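Colleague: Data: data_17.cif, mmCIF, C-alpha atoms, pLDDT in the B column; chains and numbers go by the auth columns.
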data_data
loop_
_atom_site.group_PDB
_atom_site.id
_atom_site.type_symbol
_atom_site.label_atom_id
_atom_site.label_comp_id
_atom_site.label_asym_id
_atom_site.label_seq_id
_atom_site.Cartn_x
_atom_site.Cartn_y
_atom_site.Cartn_z
_atom_site.B_iso_or_equiv
_atom_site.auth_seq_id
_atom_site.auth_asym_id
ATOM 1 C CA MET A 1 91.008 -14.022 44.754 55.00 18 A
ATOM 2 C CA LYS A 2 91.572 -10.310 44.173 55.00 19 A
ATOM 3 C CA TYR A 3 92.310 -10.929 40.470 53.00 20 A
ATOM 4 C CA PHE A 4 89.277 -13.163 40.142 46.00 21 A
ATOM 5 C CA ILE A 5 87.020 -10.372 41.469 52.00 22 A
ATOM 6 C CA ILE A 6 88.612 -7.865 39.080 52.00 23 A
ATOM 7 C CA PHE A 7 88.128 -10.330 36.207 42.00 24 A
ATOM 8 C CA VAL A 8 84.449 -10.887 37.089 40.00 25 A
ATOM 9 C CA CYS A 9 83.888 -7.131 37.371 44.00 26 A
ATOM 10 C CA ALA A 10 85.559 -6.527 33.996 44.00 27 A
ATOM 11 C CA VAL A 11 83.475 -9.226 32.297 39.00 28 A
ATOM 12 C CA THR A 12 80.285 -7.880 33.879 44.00 29 A
ATOM 13 C CA VAL A 13 81.035 -4.307 32.812 43.00 30 A
ATOM 14 C CA SER A 14 81.890 -5.407 29.269 43.00 31 A
ATOM 15 C CA GLN A 15 78.651 -7.419 29.066 41.00 32 A
ATOM 16 C CA PHE A 16 76.719 -4.409 30.352 42.00 33 A
ATOM 17 C CA ASN A 17 78.393 -2.171 27.750 44.00 34 A
ATOM 18 C CA TYR A 18 77.580 -4.688 25.007 40.00 35 A
ATOM 19 C CA ALA A 19 73.934 -4.892 26.107 42.00 36 A
ATOM 20 C CA GLN A 20 73.780 -1.094 26.361 48.00 37 A
ATOM 21 C CA LYS A 21 75.217 -0.754 22.830 52.00 38 A
ATOM 22 C CA ILE A 22 72.584 -3.090 21.420 53.00 39 A
ATOM 23 C CA SER A 23 69.892 -1.109 23.229 79.00 40 A
ATOM 24 C CA VAL A 24 71.251 2.240 21.986 83.00 41 A
ATOM 25 C CA ASP A 25 71.392 0.938 18.406 85.00 42 A
ATOM 26 C CA LYS A 26 67.812 -0.290 18.718 87.00 43 A
ATOM 27 C CA PHE A 27 66.752 3.082 20.147 87.00 44 A
ATOM 28 C CA ASN A 28 68.442 4.971 17.289 88.00 45 A
ATOM 29 C CA GLY A 29 66.777 2.711 14.733 90.00 46 A
ATOM 30 C CA GLN A 30 63.380 3.419 16.272 91.00 47 A
ATOM 31 C CA ARG A 31 64.030 7.187 16.296 91.00 48 A
ATOM 32 C CA ILE A 32 64.993 7.093 12.633 92.00 49 A
ATOM 33 C CA GLU A 33 61.896 5.059 11.754 93.00 50 A
ATOM 34 C CA ILE A 34 59.656 7.550 13.579 94.00 51 A
ATOM 35 C CA THR A 35 61.323 10.394 11.672 93.00 52 A
ATOM 36 C CA LYS A 36 60.973 8.623 8.325 94.00 53 A
ATOM 37 C CA GLN A 37 57.281 7.972 8.931 95.00 54 A
ATOM 38 C CA SER A 38 56.768 11.623 9.862 95.00 55 A
ATOM 39 C CA MET A 39 58.460 12.714 6.632 95.00 56 A
ATOM 40 C CA ILE A 40 56.111 10.437 4.676 96.00 57 A
ATOM 41 C CA VAL A 41 53.177 12.202 6.350 96.00 58 A
ATOM 42 C CA VAL A 42 54.548 15.679 5.494 96.00 59 A
ATOM 43 C CA GLY A 43 55.322 14.648 1.920 96.00 60 A
ATOM 44 C CA SER A 44 51.877 13.096 1.492 96.00 61 A
ATOM 45 C CA TRP A 45 50.178 16.210 2.864 96.00 62 A
ATOM 46 C CA GLY A 46 52.219 18.282 0.420 96.00 63 A
ATOM 47 C CA ALA A 47 51.372 15.984 -2.503 96.00 64 A
ATOM 48 C CA ALA A 48 47.669 16.091 -1.618 96.00 65 A
ATOM 49 C CA ASN A 49 47.792 19.896 -1.606 95.00 66 A
ATOM 50 C CA LEU A 50 49.587 19.942 -4.945 95.00 67 A
ATOM 51 C CA ILE A 51 47.089 17.609 -6.590 95.00 68 A
ATOM 52 C CA TYR A 52 43.882 18.998 -5.066 95.00 69 A
ATOM 53 C CA SER A 53 44.748 22.681 -5.265 93.00 70 A
ATOM 54 C CA GLY A 54 46.397 22.264 -8.660 92.00 71 A
ATOM 55 C CA ALA A 55 43.153 20.842 -10.037 93.00 72 A
ATOM 56 C CA LEU A 56 41.049 23.691 -8.620 91.00 73 A
ATOM 57 C CA VAL A 57 43.214 26.800 -8.943 91.00 74 A
ATOM 58 C CA GLY A 58 42.515 27.341 -12.644 89.00 75 A
ATOM 59 C CA ALA A 59 38.747 26.976 -12.303 91.00 76 A
ATOM 60 C CA SER A 60 38.446 29.238 -9.254 91.00 77 A
ATOM 61 C CA ARG A 61 37.823 32.949 -8.990 93.00 78 A
ATOM 62 C CA GLY A 62 38.164 35.561 -6.306 91.00 79 A
ATOM 63 C CA SER A 63 39.612 34.616 -2.933 91.00 80 A
ATOM 64 C CA ASN A 64 39.249 30.880 -3.709 93.00 81 A
ATOM 65 C CA LYS A 65 41.782 31.227 -6.522 95.00 82 A
ATOM 66 C CA TYR A 66 44.303 32.740 -4.123 95.00 83 A
ATOM 67 C CA PHE A 67 43.473 30.130 -1.492 96.00 84 A
ATOM 68 C CA TYR A 68 44.351 27.299 -3.886 96.00 85 A
ATOM 69 C CA GLU A 69 47.358 29.209 -5.198 96.00 86 A
ATOM 70 C CA MET A 70 48.840 29.509 -1.699 96.00 87 A
ATOM 71 C CA ASN A 71 48.018 25.848 -1.010 96.00 88 A
ATOM 72 C CA LEU A 72 50.062 24.964 -4.106 96.00 89 A
ATOM 73 C CA ILE A 73 53.032 26.875 -2.719 96.00 90 A
ATOM 74 C CA TRP A 74 52.722 25.188 0.695 97.00 91 A
ATOM 75 C CA GLY A 75 52.207 21.828 -1.009 96.00 92 A
ATOM 76 C CA GLY A 76 55.432 22.208 -2.979 96.00 93 A
ATOM 77 C CA VAL A 77 57.402 23.197 0.101 96.00 94 A
ATOM 78 C CA ASN A 78 55.961 20.411 2.282 96.00 95 A
ATOM 79 C CA PHE A 79 56.439 17.786 -0.419 97.00 96 A
ATOM 80 C CA SER A 80 60.063 18.863 -0.911 96.00 97 A
ATOM 81 C CA LEU A 81 60.778 18.936 2.836 95.00 98 A
ATOM 82 C CA GLY A 82 59.187 15.505 3.271 95.00 99 A
ATOM 83 C CA CYS A 83 61.315 13.980 0.496 95.00 100 A
ATOM 84 C CA ILE A 84 64.544 15.617 1.656 95.00 101 A
ATOM 85 C CA GLY A 85 63.874 14.731 5.301 92.00 102 A
ATOM 86 C CA TYR A 86 63.156 11.112 4.381 93.00 103 A
ATOM 87 C CA LEU A 87 66.331 10.791 2.331 92.00 104 A
ATOM 88 C CA LEU A 88 68.455 12.388 5.084 89.00 105 A
ATOM 89 C CA SER A 89 67.067 10.048 7.761 86.00 106 A
ATOM 90 C CA LYS A 90 69.923 7.590 7.529 77.00 107 A
ATOM 91 C CA ASN A 91 70.525 4.687 9.838 71.00 108 A
ATOM 92 C CA THR A 92 73.206 5.753 12.277 69.00 109 A
ATOM 93 C CA HIS A 93 74.961 2.809 13.840 66.00 110 A
ATOM 94 C CA ASP A 94 77.838 2.899 16.277 77.00 111 A
ATOM 95 C CA LEU A 95 76.663 6.040 18.047 81.00 112 A
ATOM 96 C CA SER A 96 77.639 6.302 21.673 83.00 113 A
ATOM 97 C CA TYR A 97 75.086 6.960 24.359 80.00 114 A
ATOM 98 C CA ALA A 98 76.117 10.649 24.444 82.00 115 A
ATOM 99 C CA GLU A 99 75.877 11.001 20.641 87.00 116 A
ATOM 100 C CA SER A 100 72.483 9.300 20.667 86.00 117 A
ATOM 101 C CA LEU A 101 71.276 11.635 23.395 86.00 118 A
ATOM 102 C CA LYS A 102 72.482 14.652 21.410 89.00 119 A
ATOM 103 C CA LYS A 103 70.693 13.498 18.251 89.00 120 A
ATOM 104 C CA GLN A 104 67.519 12.775 20.230 90.00 121 A
ATOM 105 C CA MET A 105 67.540 16.217 21.824 91.00 122 A
ATOM 106 C CA THR A 106 68.154 17.855 18.428 92.00 123 A
ATOM 107 C CA VAL A 107 65.127 16.129 16.894 92.00 124 A
ATOM 108 C CA GLU A 108 62.942 17.148 19.836 94.00 125 A
ATOM 109 C CA LYS A 109 64.132 20.770 19.608 96.00 126 A
ATOM 110 C CA ILE A 110 63.435 20.903 15.866 95.00 127 A
ATOM 111 C CA PHE A 111 59.840 19.772 16.287 95.00 128 A
ATOM 112 C CA LEU A 112 59.311 22.080 19.271 96.00 129 A
ATOM 113 C CA PHE A 113 60.727 25.052 17.332 97.00 130 A
ATOM 114 C CA ASN A 114 58.530 24.181 14.338 96.00 131 A
ATOM 115 C CA THR A 115 55.465 24.084 16.597 96.00 132 A
ATOM 116 C CA GLY A 116 56.199 27.647 17.690 96.00 133 A
ATOM 117 C CA LEU A 117 56.798 28.669 14.086 97.00 134 A
ATOM 118 C CA ASP A 118 53.414 27.203 13.150 97.00 135 A
ATOM 119 C CA VAL A 119 51.728 29.506 15.678 97.00 136 A
ATOM 120 C CA ALA A 120 53.388 32.433 13.881 97.00 137 A
ATOM 121 C CA TYR A 121 52.057 31.142 10.536 97.00 138 A
ATOM 122 C CA VAL A 122 48.513 30.972 11.879 97.00 139 A
ATOM 123 C CA ALA A 123 48.828 34.464 13.358 97.00 140 A
ATOM 124 C CA GLY A 124 50.101 35.745 10.000 96.00 141 A
ATOM 125 C CA GLY A 125 47.147 34.105 8.259 96.00 142 A
ATOM 126 C CA PHE A 126 44.707 35.795 10.606 96.00 143 A
ATOM 127 C CA TYR A 127 46.500 39.092 10.013 95.00 144 A
ATOM 128 C CA LEU A 128 46.088 38.770 6.241 92.00 145 A
ATOM 129 C CA LYS A 129 42.461 37.748 6.584 92.00 146 A
ATOM 130 C CA GLU A 130 41.741 40.676 8.895 91.00 147 A
ATOM 131 C CA ARG A 131 43.594 42.984 6.525 89.00 148 A
ATOM 132 C CA SER A 132 41.216 41.934 3.751 89.00 149 A
ATOM 133 C CA ASN A 133 38.351 43.394 5.809 87.00 150 A
ATOM 134 C CA ASN A 134 40.055 46.742 6.367 83.00 151 A
ATOM 135 C CA ASN A 135 41.909 47.346 3.126 73.00 152 A
ATOM 136 C CA SER A 136 40.232 47.886 -0.219 73.00 153 A
ATOM 137 C CA LYS A 137 43.444 46.959 -2.061 83.00 154 A
ATOM 138 C CA ASN A 138 44.083 43.209 -2.610 87.00 155 A
ATOM 139 C CA ILE A 139 40.996 42.138 -0.654 92.00 156 A
ATOM 140 C CA GLU A 140 40.574 38.828 -2.477 93.00 157 A
ATOM 141 C CA ARG A 141 44.267 37.962 -2.380 93.00 158 A
ATOM 142 C CA ASN A 142 44.676 38.769 1.311 93.00 159 A
ATOM 143 C CA LYS A 143 41.566 36.763 2.215 94.00 160 A
ATOM 144 C CA GLY A 144 42.553 33.717 0.124 95.00 161 A
ATOM 145 C CA TYR A 145 46.172 33.719 1.221 96.00 162 A
ATOM 146 C CA GLY A 146 45.162 34.295 4.833 95.00 163 A
ATOM 147 C CA GLU A 147 42.722 31.382 4.863 96.00 164 A
ATOM 148 C CA SER A 148 45.283 29.090 3.256 96.00 165 A
ATOM 149 C CA ILE A 149 48.018 30.063 5.715 97.00 166 A
ATOM 150 C CA ILE A 150 45.626 29.491 8.634 97.00 167 A
ATOM 151 C CA LEU A 151 44.779 26.013 7.295 96.00 168 A
ATOM 152 C CA GLN A 152 48.393 25.049 6.547 96.00 169 A
ATOM 153 C CA GLY A 153 49.773 26.512 9.775 96.00 170 A
ATOM 154 C CA SER A 154 47.088 24.779 11.871 97.00 171 A
ATOM 155 C CA SER A 155 47.745 21.445 10.184 96.00 172 A
ATOM 156 C CA LEU A 156 51.481 21.777 10.730 96.00 173 A
ATOM 157 C CA PHE A 157 50.910 22.866 14.342 97.00 174 A
ATOM 158 C CA ILE A 158 49.035 19.625 15.022 97.00 175 A
ATOM 159 C CA PHE A 159 51.643 17.573 13.156 96.00 176 A
ATOM 160 C CA ASP A 160 54.707 19.172 14.747 96.00 177 A
ATOM 161 C CA GLY A 161 53.133 19.109 18.206 96.00 178 A
ATOM 162 C CA LEU A 162 52.336 15.409 17.907 97.00 179 A
ATOM 163 C CA MET A 163 55.789 14.618 16.561 96.00 180 A
ATOM 164 C CA TYR A 164 57.397 16.508 19.433 96.00 181 A
ATOM 165 C CA LEU A 165 55.346 14.512 21.944 96.00 182 A
ATOM 166 C CA ILE A 166 56.084 11.210 20.181 95.00 183 A
ATOM 167 C CA HIS A 167 59.833 11.894 20.082 94.00 184 A
ATOM 168 C CA LYS A 168 59.837 13.182 23.669 93.00 185 A
ATOM 169 C CA ASN A 169 58.109 9.998 24.833 94.00 186 A
ATOM 170 C CA HIS A 170 60.501 7.856 22.798 92.00 187 A
ATOM 171 C CA GLY A 171 63.463 9.727 24.318 90.00 188 A
ATOM 172 C CA LYS A 172 62.507 8.471 27.772 88.00 189 A
ATOM 173 C CA LYS A 173 63.745 5.018 26.708 82.00 190 A
ATOM 174 C CA LEU A 174 67.242 6.410 26.395 81.00 191 A
ATOM 175 C CA TYR A 175 67.252 7.519 30.024 75.00 192 A
ATOM 176 C CA ARG A 176 66.087 4.093 31.187 74.00 193 A
ATOM 177 C CA LEU A 177 69.165 2.433 29.696 66.00 194 A
ATOM 178 C CA LEU A 178 71.272 3.776 32.539 61.00 195 A
ATOM 179 C CA ASP A 179 68.839 2.879 35.313 64.00 196 A
ATOM 180 C CA ASN A 180 70.781 -0.324 36.004 59.00 197 A
ATOM 181 C CA LEU A 181 74.094 1.478 36.446 56.00 198 A
ATOM 182 C CA LYS A 182 74.970 3.326 39.645 61.00 199 A
ATOM 183 C CA ILE A 183 78.282 5.075 40.137 62.00 200 A
ATOM 184 C CA GLY A 184 79.279 6.613 43.431 62.00 201 A
ATOM 185 C CA ALA A 185 82.084 7.334 45.853 63.00 202 A
ATOM 186 C CA THR A 186 82.972 5.058 48.721 64.00 203 A
ATOM 187 C CA GLY A 187 85.490 5.372 51.543 67.00 204 A
ATOM 188 C CA ASN A 188 88.038 3.466 49.451 68.00 205 A
ATOM 189 C CA GLY A 189 87.407 4.992 46.024 64.00 206 A
ATOM 190 C CA ILE A 190 84.734 4.910 43.311 63.00 207 A
ATOM 191 C CA ALA A 191 82.143 2.157 43.094 57.00 208 A
ATOM 192 C CA CYS A 192 80.272 0.956 40.029 53.00 209 A
ATOM 193 C CA ILE A 193 77.147 -1.038 40.834 55.00 210 A
ATOM 194 C CA ILE A 194 75.357 -2.882 38.048 50.00 211 A
ATOM 195 C CA LYS A 195 71.969 -4.472 38.603 55.00 212 A
ATOM 196 C CA LEU A 196 71.805 -7.803 36.813 49.00 213 A
#
Represent the structure of the file as C-alpha cells.

Modeller:
Amino acid sequence: MKYFIIFVCAVTVSQFNYAQKISVDKFNGQRIEITKQSMIVVGSWGAANLIYSGALVGASRGSNKYFYEMNLIWGGVNFSLGCIGYLLSKNTHDLSYAESLKKQMTVEKIFLFNTGLDVAYVAGGFYLKERSNNNSKNIERNKGYGESIILQGSSLFIFDGLMYLIHKNHGKKLYRLLDNLKIGATGNGIACIIKL
C-alpha cells in the first residue's frame, strides 16, 4: 500500500509538472506575441514619422523645418528599434518557471525604465522650447527641436506606460500557475499538496 501511495503521488506530481510546463510555454508565447505587436507599433510610428516629416522638411522654413528634421531623426531611431526588437523576439520554448519569471520581470523593467526616460525627453523638449524664448541664438532650431522632442517623448511615454501595464497584467498569469501547489512542513517531514 505504501508503494502504491508513492506511485500515485509521483504520477500526480509528474502530471502537474507536465500541465505546468504547457502553461508556462503558452504564457511565454503570449509574452512574445505582445512584445512583437508592440515592436510593430514602434516601427510603424517611426515609419510614419520618416514618411510624413521627410515629405515636409524640405518645404518648411523656420522652426517647422527643425521640427520635421528632429522627427526624421526620431523616426529613424524608432523604426530601427522596432525592426530589431521584432527580430529579436524569438519563441523561447523549454524555459523553466524561474527562467520565464526572470524574462517576464526583465520585460516589465525595460518598459518601466523607458517610461521614466520618456519623462526626461519631454522635460528636455520643454527646456529647449523655453530656451528659444530666452536666447537670441538658435531660436528657431531650439523651438523646432523642443516641440518635436515633446511630441515624440509624450507619444513614447503613452506607449511605454501602456506596454508596462499590459506586460504587468500578463505577468499575473505566471503567478497563478502555482496557486494549485502548496508546500509545507508537517510533523513527519515536508508535504506537497496539489489541488486537482

Colleague: Which one of A:Val94, A:Val139, A:Leu134, A:Met180 sits closest to Gln54 of chain A if you count only C-alpha atoms?

Modeller: A:Met180

Colleague: With only C-alpha atoms as the basis for distance, which of A:Leu105, A:Gln121, A:Ser171, A:Arg158 is at the shortest distance from Val136 of chain A?

Modeller: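 With only C-alpha atoms as the atom set, the closest residue is A:Ser171.
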
Colleague: Rank nothing, just name the residue among A:Glu157, A:Asp177, A:Glu125, A:Glu164 nearest to Tyr144 of chain A, using all atoms listed in the file.

Modeller: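 Closest residue, counting all atoms listed in the file: A:Glu164.
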
Colleague: Would you be able to write out as a PyMOL selection string which residues have an atom within 10 Å of (47.7, 35.8, 9.1) in the file's coordinates, counting all atoms listed in the file?

Modeller: chain A and resi 136-148+159-160+162-167+170

Colleague: Take the residues just selected and output them with C-alpha atoms as a PDB file, keeping the file's coordinate frame.

Modeller:
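Result went into part.pdb, see below:
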ATOM      1  CA  VAL A 136      51.728  29.506  15.678  1.00 97.00           C
ATOM      2  CA  ALA A 137      53.388  32.433  13.881  1.00 97.00           C
ATOM      3  CA  TYR A 138      52.057  31.142  10.536  1.00 97.00           C
ATOM      4  CA  VAL A 139      48.513  30.972  11.879  1.00 97.00           C
ATOM      5  CA  ALA A 140      48.828  34.464  13.358  1.00 97.00           C
ATOM      6  CA  GLY A 141      50.101  35.745  10.000  1.00 96.00           C
ATOM      7  CA  GLY A 142      47.147  34.105   8.259  1.00 96.00           C
ATOM      8  CA  PHE A 143      44.707  35.795  10.606  1.00 96.00           C
ATOM      9  CA  TYR A 144      46.500  39.092  10.013  1.00 95.00           C
ATOM     10  CA  LEU A 145      46.088  38.770   6.241  1.00 92.00           C
ATOM     11  CA  LYS A 146      42.461  37.748   6.584  1.00 92.00           C
ATOM     12  CA  GLU A 147      41.741  40.676   8.895  1.00 91.00           C
ATOM     13  CA  ARG A 148      43.594  42.984   6.525  1.00 89.00           C
ATOM     14  CA  ASN A 159      44.676  38.769   1.311  1.00 93.00           C
ATOM     15  CA  LYS A 160      41.566  36.763   2.215  1.00 94.00           C
ATOM     16  CA  TYR A 162      46.172  33.719   1.221  1.00 96.00           C
ATOM     17  CA  GLY A 163      45.162  34.295   4.833  1.00 95.00           C
ATOM     18  CA  GLU A 164      42.722  31.382   4.863  1.00 96.00           C
ATOM     19  CA  SER A 165      45.283  29.090   3.256  1.00 96.00           C
ATOM     20  CA  ILE A 166      48.018  30.063   5.715  1.00 97.00           C
ATOM     21  CA  ILE A 167      45.626  29.491   8.634  1.00 97.00           C
ATOM     22  CA  GLY A 170      49.773  26.512   9.775  1.00 96.00           C
TER      23      GLY A 170
END

Colleague: Would you kindly translate the PyMOL selection byres ((chain A and resi 64) around 10) into the concrete residues it picks from this file, as a list in words?

Modeller: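 Answer for the PyMOL selection byres ((chain A and resi 64) around 10): Val58, Val59, Gly60, Ser61, Trp62, Gly63, Ala65, Asn66, Leu67, Ile68, Tyr69, Ser70, Leu89, Trp91, Gly92, Gly93, Val94, Asn95, Phe96, Ser97 and Gly99 of chain A.
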
Colleague: Could you expand the PyMOL selection byres ((chain A and resi 74) around 12) into the explicit residues it covers here, written as a ChimeraX atom specification?

Modeller: /A:66-73,75-90,161

Colleague: My list of candidates is A:Asn151, A:Ser172, A:Lys190, A:Val41. Which is closest to Ala115 of chain A when distances are computed with all atoms listed in the file?

Modeller: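 Closest candidate: A:Val41.
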
Colleague: Between A:Ile127, A:Leu98, A:Leu112, A:Leu173, which has the minimum distance to Phe44 of chain A (counting only C-alpha atoms)?

Modeller: A:Leu112

Colleague: Work out how far apart atom CA of Leu182 of chain A and atom CA of Tyr114 of chain A are and give it in Å to one decimal.

Modeller: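 Separation of atom CA of Leu182 of chain A and atom CA of Tyr114 of chain A: 21.3 Å.
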
Colleague: Check the smallest atom-to-atom distance from each of A:Thr132, A:Ser55, A:Asn45, A:Ser106 to Lys119 of chain A using all atoms listed in the file, then report the winner.

Modeller: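 The closest residue to Lys119 of chain A is A:Asn45.
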
Colleague: Report as lines of an AutoDock Vina configuration file the centre and the edge lengths, in Å to one decimal, of the axis-aligned box holding every listed atom of segment 93-102 of chain A, padded by 8 Å on each side.

Modeller:
center_x = 60.0
center_y = 18.6
center_z = 1.2
size_x = 25.1
size_y = 25.2
size_z = 24.3

Colleague: How far is it from atom CA of Phe128 of chain A to atom CA of Ser113 of chain A, in Å with one decimal?

Modeller: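 Atom CA of Phe128 of chain A sits 23.0 Å away from atom CA of Ser113 of chain A.
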
Colleague: In Å, how far is it from atom CA of Lys189 of chain A to atom CA of Leu129 of chain A?

Modeller: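 It comes out at 16.4 Å.
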